[in-house]
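S.K.: Got a structure here, written out as C-alpha cells. Questions coming.
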Amino acid sequence: SDAMNLLFSDVYKASNSAIELTDVPLTQGKLDAITDFIYNLGPNAFKDSTLRKLINSNADNTTIYNEFLKWNHVGGQVSEGLTKRRQYEANLFIS
C-alpha cells in the first residue's frame with residue numbers, strides 16, 4: 001500500500017541519516033535507537049545535538065542514556081509519551 005511504502009521510505013531515510021551522522025561503529029541496537037530518534041525528530045535535530053556529540057565521542061552509556069531522556073518535551077512541558085519513547089530508545093542503544 002502507499003502508506004507502507006511511505007513508512008518504509010521514511011525509515012530508510014532516517015536509517016541512512018543515522019549512519020551518515022555517526023562516526024563510530026554501530027551495533028544493530030544503536031542504529032535502531034538513533035534511527036527511531038531521527039524518525040521522530042528529524043535529521044537536523046540529531047545533527048546539531050549533544051546526543052550526537054556524545055555518541056561520536058564514545059561517551060559512556062549512562063551519559064548517553066541520560067542525554068536521550070532530555071528529549072522529552074513538547075511546548076516546554078514534559079511529555080509522558082516522549083519520556084517512554086526516549087527510555088525505549090536509550091535502552092535499545094545500550095543493549
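In the C-alpha cells, the first chain shown is A, the next is B, and so on; residue numbers restart at 1 for each chain, and ligands run from 1 in the order shown.
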Would you kindly return, as a PDB file with C-alpha atoms, in the first residue's frame, each protein, DNA or RNA residue with an atom no farther than 9 Å from any atom of Phe46 (chain A), considering only C-alpha atoms and excluding same-chain residues fewer than 5 positions away?

M.R.:
```pdb
ATOM      1  CA  ALA A  18      21.867   7.746  11.375  1.00  0.00           C
ATOM      2  CA  LEU A  21      25.859  11.329  11.044  1.00  0.00           C
ATOM      3  CA  ILE A  34      19.303   6.539  16.515  1.00  0.00           C
ATOM      4  CA  PHE A  37      15.196   9.242  17.260  1.00  0.00           C
ATOM      5  CA  ILE A  38      15.770  10.711  13.773  1.00  0.00           C
ATOM      6  CA  LEU A  41      12.689  14.426  15.450  1.00  0.00           C
ATOM      7  CA  LEU A  51      23.441  13.421  21.903  1.00  0.00           C
ATOM      8  CA  ARG A  52      25.254  13.060  18.573  1.00  0.00           C
TER       9      ARG A  52
END
```

S.K.: Could you pull out the strand (DSSP E) residues of chain A from DSSP and send them as a PyMOL selection string?

M.R.: chain A and resi 73-74+77-78

S.K.: Take the residues from that selection and put them in a file with N, CA and C atoms, as a compact mmCIF listing (two decimals), in the first residue's frame.

M.R.:
```
# COMPACT_ATOMS: atom_id res chain seq x y z
N HIS A 73 10.28 16.81 25.76
CA HIS A 73 9.41 17.98 25.97
C HIS A 73 8.62 18.33 24.72
N VAL A 74 7.40 18.78 24.93
CA VAL A 74 6.56 19.35 23.87
C VAL A 74 6.07 20.68 24.39
N GLN A 77 6.86 21.50 27.98
CA GLN A 77 6.32 20.62 29.02
C GLN A 77 6.79 19.18 28.80
N VAL A 78 7.06 18.49 29.90
CA VAL A 78 7.45 17.10 29.81
C VAL A 78 6.26 16.28 29.29
```

S.K.: Show me, as a list in words, the residues that have an atom within 10 Å of Asp23 (chain A) when counting only C-alpha atoms, minus same-chain residues fewer than 2 positions from it.

M.R.: Ala18, Ile19, Glu20, Leu21, Pro25, Leu26, Arg52, Lys53, Ile55, Asn56, Ser57 and Asn58 of chain A

S.K.: What is the distance between CA of Glu80 (chain A) and CA of Asp36 (chain A), in Å to one decimal?

M.R.: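 Rounded to one decimal, the two atoms are 17.1 Å apart.
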
S.K.: So which residues touch Thr27 (chain A) within 12 Å, counting only C-alpha atoms, skipping near sequence neighbours fewer than 4 positions away, as number ranges by chain?

M.R.: A: 18-19, 22, 31-34, 92-95

S.K.: Select, from A:Asp60, A:Ser79, A:Gly29, A:Glu67, the residue with the minimum atom-to-atom distance to Asn91 (chain A), counting only C-alpha atoms.

M.R.: A:Gly29

S.K.: Rounded to one decimal place, report the CA of Leu7 (chain A)-CA of Leu69 (chain A) distance in Å.

M.R.: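 Between CA of Leu7 (chain A) and CA of Leu69 (chain A) the gap works out to 25.0 Å.
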